[in-house]
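K.L.:
This is the structure I want to talk about, given as structure tokens.
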Amino acid sequence: MTQQVFLAPGEPVDLDNCAREPIHIPGSVQPRGVLLVVQEQGSVVLQCSANVGEVLGRPVDEVLGATLADVLGRAASRVVLEQLAAVADHRTRNPGLVHVGAGAAAVLLDVVVHRPPPATASDPGPVFVVELETADGPRPLTFGSTYERVRDAIADLNRASELTGLYDTAARHVRAMTGFDRVMLYRFDAEYNGEVVAEARRDDLEPFLGLHYPASDIPPQARALYEKSWIRLISDVDYTPVPVVPTAEPLSGRPLDLTYATLRSVSPIHCEYLRNMGVRASMSISLLRDGKLWGMVACHHYAGPHAPSYGVRAAAEFLGVALSARLVAQVEEDLLAESRRASGVLARLVAASRDEDVRLAQALTRTDDLLELVPADGVVVCVGGDLASRGRVPDAEARRRLAAWGSGVGGVLATDHLPDEPAAPHVPGTAGALALALPDGGSVVWLRDEVVRTVDWGGDPHNKAIAVRDGDRYRLSPRTSFDAWQEHVRGRSAPWDDRHATNATDLRGHLVEAMFRRGQAEVLAARALQRTLVPSRLPAVPGWTVEARYEPSGTGQVGGDWYDVVTLSDGRLALAVGDVTGHGLPAAAAMAELRHATRAYLLDAAPPAVVLSRVARLARWSRPGQMATMALAVLDPATGEVEHSSAGHLPPLLVRADGSAAWERVLGSPLLGLLDAEPASGRVTLAPGDALLLLTDGLIERRGESMRVAMARTVAQVGRPEPGRLGDVVARVRDSASEDDATVVLLARD
């Protein structure tokens, strides 16, 4: 993770660089109290705020180096040290109450103790911080003044059954407890833009409910502080910061980290921003979910400075903690309710997927269940090459492009602006998509139409700064206008919730299982069909040896290889070898059709080239787009002459009696799916001891090797086939790691 680079001490801050302002080490505090930094060993004061004399009646030079007992008195010092030692998280015991001074000069102070963030997790550090504020309100804190109010607020929160009720209840109780003129509850989106979702205000103030504020209003380092410290008060935006003396903590030599300090001075840019809004005092309470800033209770006062006592602030902070917990609980309740609803829809989809009499894509889109599982305007499903849809979807070509894109998203992807996604197709009218990738190039893609949204901002979010003259230079200053400003957002859909992606992920697991189950059934059916295509026995021809061997692919799928050997009515012998593109049941069905067509067209003893042209014509008509290769040879047993032809297939491999091998001339005809005329043919005569091999490319192909090289290697490796040992030829030629099926038919003259 990139290390945050903060501004150097003393470097001027404006809107260009305020995101790098080191607000956790401002070197100053707000003047409503006094800060002391005390060395734990010996309780010696190492640093103090410059206003120590105004509150404690002792100048800075007398405080620095003195003991805590000397500065506060023994009784007050004892309260501080007991408070520090009471529990590991001593902030839970804040505030303490001490008297400082004697007689008429004595003052009653709230004392707040904390340790600065440690340099390392195992090092608590050698110092602690004491903050003193004038005590205000009833002391000690009583049942009626604090607990009763918090108890009533929490009871109201628990009675709320939805998030809107929680928001309103929290805003109302915080305002009653703290006395601010306006209390708003912000909710942040994924980019930390804020929306006012609840408001309690003075009657004469204009409403801010529903307004949005850009993420830049709260820089990242400020959000990080809000996650560590639940509450922050600016009692007077016009305050003059009081420096901490000396600036660096003497033991470490580093600036004092005031992350947990209640008096921590805030960014001057933020104070200017508040003044531009007409705010005189401000307080914020963090709302966290899983340790991250989820929202914020923002309190504004317009009538003048406003400083709720620490006790009141502590009660408000406790209410923020309770609200955070209640928000998380409500979100979990909503998620549980959604999970139950989605489970019912998912159960119906799973049941539909088990109907193996219906193609899976069609089974999933017979009802609106997919659109109930993930709310959308339409959905496109592609499984096993089948494309189906439901709801409002684009034209067929756009659906195919969407399905192809969805298959490559690598799991689940949701976007409310489809053009932002790499390789996403342009589909007019469709702005959002939630894509679910499935095995074997399948996908489910939910679609959402463009929604033109009107967003009410608290001021123009695209004009967040103005130029202000500062001496002889200009600097960027926060905007001064917070009038409601409307933005019309186009090109986006309604956003997808996390639960939508969760529902899609759950569906994916069930669909993968359904595809596997259907695939297993399809493989069994394809294997059964393929077995019926393999001749149970090969014809016996006196003086000739005829053998065949089929080696399946290493993937376990049924491939497209097939062969046939048949005796014609005139006594000649026809041998065929083919390879259909694809796998599984579709490939097996195509193999069966080609085999039967070849046998039918051989009945009238037509030459191989004529038979191939007729088979090609049938294939183009019955299976448009299906590609296949085929080699056909016809032997005259009396003369040894073989007439052969092929469509996109390897030529026959001739092996002479002396073991020399050579391919017959490559005839160069197109595949069956493209063949529209008679292919070329050739003739060869086999002498005694000669052999002819018809084979598929899966027998000789190797990964990374060209077909020309593979054919030359095969000539060198094939050897002389021995009758009954065709498997030896396969072993010599075929790659043992091949994932393609392989077929070879041997015709040898004795």
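Labels used: A, B, ... for chains in the order of the structure tokens, numbers from 1 for residues in each chain, and numbers from 1 for ligands as shown.
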Just the helix (DSSP H, G or I) stuff from region 30-237 of chain A, please, per backbone DSSP, written as a PyMOL selection string.
P.N.:
chain A and resi 52-56+60-63+68-72+74-86+90-93+103-105+143-159+163-178+215-217+220-228
K.L.:
Write out as number ranges by chain the residues lying within 10 Å of Leu166 (chain A), counting only C-alpha atoms and excluding same-chain residues fewer than 4 positions away.
P.N.:
A: 156-162, 170-171, 198, 323, 326-327, 330
K.L.:
Check the smallest atom-to-atom distance from each of A:Leu511, A:Val412, A:Ser28, A:Ser282 to Ser353 (chain A) using only C-alpha atoms, then report the winner.
P.N.:
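Residue with the minimum atom-to-atom distance to Ser353 (chain A): A:Leu511.
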K.L.:
If I take CA of Asp449 (chain A) and CA of Asp377 (chain A), how far is one from the other in Å, to one decimal?
P.N.:
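Pair CA of Asp449 (chain A) / CA of Asp377 (chain A) returns 6.6 Å.
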K.L.:
Quick one: residues within 6 Å of region 678-693 of chain A, only C-alpha atoms, excluding same-chain residues fewer than 3 positions away - as a PDB file with C-alpha atoms, in the first residue's frame?
P.N.:
ATOM      1  CA  ALA A 609     -15.476 -37.788 -55.044  1.00  0.00           C
ATOM      2  CA  VAL A 610     -19.147 -38.008 -56.038  1.00  0.00           C
ATOM      3  CA  SER A 613     -19.981 -34.005 -52.844  1.00  0.00           C
ATOM      4  CA  GLY A 640      -5.144 -53.680 -55.689  1.00  0.00           C
ATOM      5  CA  GLU A 641      -6.182 -50.298 -57.111  1.00  0.00           C
ATOM      6  CA  VAL A 642      -7.482 -47.740 -54.585  1.00  0.00           C
ATOM      7  CA  GLU A 643      -9.427 -44.670 -55.655  1.00  0.00           C
ATOM      8  CA  HIS A 644      -9.502 -42.000 -52.940  1.00  0.00           C
ATOM      9  CA  SER A 645     -10.783 -38.508 -52.289  1.00  0.00           C
ATOM     10  CA  PRO A 652      -3.880 -41.545 -47.210  1.00  0.00           C
ATOM     11  CA  LEU A 653      -0.457 -42.624 -45.939  1.00  0.00           C
ATOM     12  CA  LEU A 654       1.156 -45.278 -48.145  1.00  0.00           C
ATOM     13  CA  VAL A 655       3.677 -47.709 -46.622  1.00  0.00           C
ATOM     14  CA  ARG A 656       5.478 -49.941 -49.119  1.00  0.00           C
ATOM     15  CA  ALA A 657       6.570 -53.510 -48.430  1.00  0.00           C
ATOM     16  CA  LEU A 667      -5.744 -32.834 -52.882  1.00  0.00           C
ATOM     17  CA  SER A 669     -10.385 -29.671 -51.096  1.00  0.00           C
ATOM     18  CA  VAL A 745      -7.877 -47.565 -40.465  1.00  0.00           C
ATOM     19  CA  LEU A 746      -5.353 -50.004 -41.983  1.00  0.00           C
ATOM     20  CA  LEU A 747      -5.684 -51.642 -45.376  1.00  0.00           C
ATOM     21  CA  ALA A 748      -2.780 -54.050 -46.123  1.00  0.00           C
ATOM     22  CA  ARG A 749      -2.205 -56.457 -49.012  1.00  0.00           C
ATOM     23  CA  ASP A 750      -0.952 -59.834 -47.815  1.00  0.00           C
TER      24      ASP A 750
END
K.L.:
Set the distance at 10 Å and use only C-alpha atoms: which residues neighbour Pro126 (chain A) once local chain neighbours fewer than 5 positions away are removed? I'd like the list as a list of chain:residue names.
P.N.:
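Contacts, with the query itself left out: A:Val38, A:Gln39, A:Glu40, A:Gln41, A:Arg115, A:Pro116, A:Pro118, A:Leu251, A:Ser252.
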K.L.:
Tell me, in Å to one decimal, how far CA of Cys48 (chain A) is from CA of Leu36 (chain A).
P.N.:
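Atom-to-atom, CA of Cys48 (chain A) and CA of Leu36 (chain A) are spaced 4.4 Å apart.
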K.L.:
With only C-alpha atoms as the basis for distance, which of A:Leu163, A:Ala590, A:Arg354, A:Asp636 is at the shortest distance from Thr567 (chain A)?
P.N.:
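Comparing A:Leu163, A:Ala590, A:Arg354, A:Asp636 against Thr567 (chain A), the winner is A:Asp636.
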K.L.:
Nearest to Leu650 (chain A): which of A:Arg614, A:His510, A:Arg708, A:Arg289 is it, counting only C-alpha atoms?
P.N.:
A:Arg708
K.L.:
Which residues of region 618-730 of chain A sit at most 12 Å from region 548-551 of chain A, using only C-alpha atoms? Give each one's shortest atom pair and distance in Å (one decimal place), in chain and ascending residue order, as a tab-separated table.
P.N.:
residue	atom	partner	partner_atom	distance
A:Leu692	CA	A:Ala548	CA	11.7
A:Leu693	CA	A:Ala548	CA	9.5
A:Leu694	CA	A:Ala548	CA	9.3
A:Leu695	CA	A:Ala548	CA	9.5
A:Thr696	CA	A:Tyr550	CA	9.9
A:Gly698	CA	A:Glu551	CA	9.2
A:Leu699	CA	A:Glu551	CA	8.5
A:Pro721	CA	A:Ala548	CA	11.9
A:Pro723	CA	A:Ala548	CA	10.9
A:Gly724	CA	A:Ala548	CA	9.9
A:Arg725	CA	A:Arg549	CA	10.2
A:Leu726	CA	A:Arg549	CA	7.2
A:Gly727	CA	A:Arg549	CA	7.4
A:Asp728	CA	A:Arg549	CA	10.8
A:Val729	CA	A:Arg549	CA	10.2
A:Val730	CA	A:Arg549	CA	8.5
